[in-house]
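For reference, the structure is listed below as structure tokens.
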Amino acid sequence: MKIEELTLEEKIGQLFMVGLENKTEQEITKLIQEDKIGGVVLYKNNYQTYQEMVQCIHHIKKLNENNPIPIFISMDQEGGRVNRMPKEILNLKSATKIASTQNLELVKESGAILGKMLKETGISMNYAPVLDIRRFEEKHAIGDRCYGKTKEEVSTYAIAVMKEMQKQGVIAVIKHFPGHGLTQKDSHFRIPKITAKIEQLEQEDMIPFQKAIEEGAEAIMVGHLMLKKADKRYPASLSKKIIQNDLIQKYHYQGLIMTDDLKMMAIRLHYNIKKAAFKAIEAGNDIIMIGLPYLQVKKTINYLIKKAKKGKIQIDRINQSVEKIIQLKEKYHIQETKEGFKIFEINEAIQKLNDQVD
């Protein structure tokens with residue numbers, strides 16, 4: 001697909017990753033066929049059984065078949081407490097428990113299982129692994145989703161999982177840059193504020209991300225984290241200073257950059273959603289994740305189209321993001337339709353791995 005063949009509206013649509021939770025069939029159809037959104041996020045309430053999940057994905061791809069660009073189908077599947085698979089599928093133990101075995105081959109196997117189950121289901125993108133450093137108890141917002149208590153442990157184990165998912169043909173979105181480990185607050189409910197100097201983050205929390213970039217990270221999610229010593233006005237996800245100065249310039253990252261979900265209260269309590277989306281693009285994000293109701297998504301898409309038509313968003317800036325999106329979609333052949341895996345085979349592999357974890 002050549003970018004010059006796309007309309008402005010089609011380009012803006014590609015910048016949106018829309019959550020399908022609580023949306024009607026008519027709303028989903030409009031978002032895909034009229035707004036030509038770049039991707040969707042699936043949740044457990046979009047299906048009851050594994051067969052329904054596969055059919056749901058087929059339906060989404062069918063709705064998108066006349067659009068010029070294939071559609072990302074994504075989800076959060078980490079294992080542990082972040083599990084979006086139907087009940088028939090056994091769940092992998094948490095990242096902390098698997099990594100605590102200090103068995104790198106076992107960790108790799110967990111990544112391979114995640115990648116295989118998602119790829120064969122038709123999921124092209126997974127919001128995992130977590131590259132945050134664990135500093136608090138297991139029930140903390142990040143807690144047992146981490147692969148270790150040190151930058152070395154996280155770098156070794158999380159990057160291994162990232163690579164295994166990539167090998168299986170699934171885009172691994174590492175998160176939550178620049179690191180959620182220094183705050184006890186949960187961005188689902190409020191803005192976590194980090195008072196440490198940026199230099200401290202660069203020596204600790206950002207190291208796993210830096211190493212992941214060096215090892216071929218292709219997609220990074222930026223968290224709604226306020227780094228008070230770097231940007232007092234905006235969280236990292238909306239901060240040009242943090243995304244440009246650190247992620248792009250310091251670490252020479254050229255892959256896909258996306259926000260955490262704008263529906264999270266860290267954003268909604270403090271910012272107008274339309275303006276937050278505008279700031280996110282201005283800051284350097286390529287994709288905006290938005291799990292809000294249909295009308296708010298629609299208004300946000302239209303707002304960015306108007307901003308672009310008025311020259312408030314440079315067309316070169318939009319083209320840069322759309323080029324990255326198209327390249328990744330082509331690389332991972334995301335238009336392929338999959339028939340799903342054999343449940344007993346995946347469950348057997350998961351059970352075998354879980355049995356080796358305390």
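How things are named: the first chain in the structure tokens is A, the next is B, and so on; residues count from 1 in each chain; ligands count from 1 in the order shown.
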Spatial neighbours of segment 320-322 of chain A, 7 Å, only C-alpha atoms, chain gap at least 5 places, as JSON, numbers by chain: {"A": [11, 14, 286]}
Using N, CA and C atoms, can you export the residues from the last selection as a short mmCIF file (atom, residue, chain, number, x, y, z; two decimals), in the first residue's frame?
data_model
loop_
_atom_site.label_atom_id
_atom_site.label_comp_id
_atom_site.auth_asym_id
_atom_site.auth_seq_id
_atom_site.Cartn_x
_atom_site.Cartn_y
_atom_site.Cartn_z
N LYS A 11 -5.71 8.18 6.71
CA LYS A 11 -4.45 8.25 7.47
C LYS A 11 -4.72 8.47 8.96
N GLN A 14 -5.89 5.38 10.78
CA GLN A 14 -4.83 4.42 11.09
C GLN A 14 -4.16 4.69 12.44
N ASP A 286 2.66 7.25 17.60
CA ASP A 286 2.13 6.85 16.29
C ASP A 286 0.71 6.33 16.39
#
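Those residues of segment 140-330 of chain A that DSSP, working from the backbone, places in strand (DSSP E or B) are A:Ile171, A:Ala172, A:Val173, A:Ile174, A:Lys175, A:His176, A:Phe177, A:Lys193, A:Ile194, A:Ala219, A:Ile220, A:Met221, A:Val222, A:Met226, A:Leu227, A:Leu256, A:Ile257, A:Met258, A:Thr259, A:Ile287, A:Ile288, A:Met289, A:Ile290.
For Pro208 of chain A, the set of protein, DNA and RNA residues having any atom at most 10 Å away, when counting only C-alpha atoms and skipping those fewer than 5 positions along the same chain, is Val130, Leu131, Asp132, Ile133, Thr150, Lys151, Glu152, Glu153, Val154, Ser155, Thr156, Tyr157, Ala158, Ile159, Ile174, Phe177, Pro178, Gly179, Glu202, Gln203, Ile213 and Glu214 of chain A.
Within the 6 Å cut-off around segment 218-232 of chain A, using only C-alpha atoms and omitting residues fewer than 3 positions from it on the same chain, the listed residues are Val173, Ile174, Lys175, His176, Phe177, Pro192, Lys193, Ile194, Thr195, Lys197, Pro235, Ala236, Ser237, Gly255, Leu256, Ile257, Met258, Thr259 and Asp260 of chain A.
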Selection above as a file: C-alpha atoms, as a short mmCIF file (atom, residue, chain, number, x, y, z; two decimals), in the first residue's frame:
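The resulting part_35.cif:
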data_model
loop_
_atom_site.label_atom_id
_atom_site.label_comp_id
_atom_site.auth_asym_id
_atom_site.auth_seq_id
_atom_site.Cartn_x
_atom_site.Cartn_y
_atom_site.Cartn_z
CA VAL A 173 4.38 -4.17 22.61
CA ILE A 174 6.75 -3.63 25.51
CA LYS A 175 5.44 -1.45 28.34
CA HIS A 176 5.23 0.93 30.28
CA PHE A 177 7.96 3.34 29.16
CA PRO A 192 1.31 8.25 39.19
CA LYS A 193 3.94 10.88 39.96
CA ILE A 194 7.62 10.04 39.91
CA THR A 195 9.85 12.51 41.73
CA LYS A 197 15.53 12.70 38.57
CA PRO A 235 2.46 12.64 31.71
CA ALA A 236 5.03 10.71 29.65
CA SER A 237 2.36 9.52 27.20
CA GLY A 255 9.76 1.69 15.91
CA LEU A 256 6.09 2.12 16.72
CA ILE A 257 5.17 4.30 19.72
CA MET A 258 1.73 4.14 21.27
CA THR A 259 -0.09 5.52 24.28
CA ASP A 260 -1.56 3.50 27.07
#
Close residues, Phe341 of chain A itself excluded, 8 Å, only C-alpha atoms, min 5 positions apart in chain, as an mmCIF file with C-alpha atoms, in the first residue's frame:
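Dumped everything to result_15.cif:
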data_model
loop_
_atom_site.group_PDB
_atom_site.id
_atom_site.type_symbol
_atom_site.label_atom_id
_atom_site.label_comp_id
_atom_site.auth_asym_id
_atom_site.auth_seq_id
_atom_site.Cartn_x
_atom_site.Cartn_y
_atom_site.Cartn_z
ATOM 1 C CA MET A 117 -1.734 -19.206 20.980
ATOM 2 C CA GLU A 120 -3.041 -19.164 15.642
ATOM 3 C CA THR A 121 -6.094 -17.350 16.987
ATOM 4 C CA ILE A 346 -2.189 -25.511 24.259
#
Non-local contacts of Ile37 of chain A (9 Å; only C-alpha atoms; under 3 positions in same chain excluded) as an MDAnalysis selection string: chainID A and resid 10:18 31:34 40 71
Residues within 9 Å of Glu9 of chain A, only C-alpha atoms, excluding chain neighbours under 6 positions, as an MDAnalysis selection string: chainID A and resid 35:36 301:302 305
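Remark: for Val41 of chain A, the closest of the candidate residues A:Met162, A:Ile243, A:Leu269, A:Ile290 is A:Ile290 (distances computed over only C-alpha atoms).
For the pair atom CA of Leu304 of chain A and atom CA of Leu292 of chain A, the separation is 16.1 Å.
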Which of A:Lys307, A:Lys119, A:Lys241, A:Arg134 sits closest to Val54 of chain A [using only C-alpha atoms]: A:Lys119
DSSP-assigned helix (DSSP H, G or I) among segment 90-156 of chain A, expressed as a PyMOL selection string: chain A and resi 95-99+104-121+143-145+151-156
Separation of atom CA of Lys93 of chain A from atom CA of Glu339 of chain A in Å: 25.8 Å
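Between atom CA of Met165 of chain A and atom CA of Asp76 of chain A the interatomic distance comes to 13.2 Å.
Counting only C-alpha atoms, the residue from A:Gly79, A:Asp205, A:Ile171, A:Ile123 that sits nearest to Arg145 of chain A is A:Gly79.
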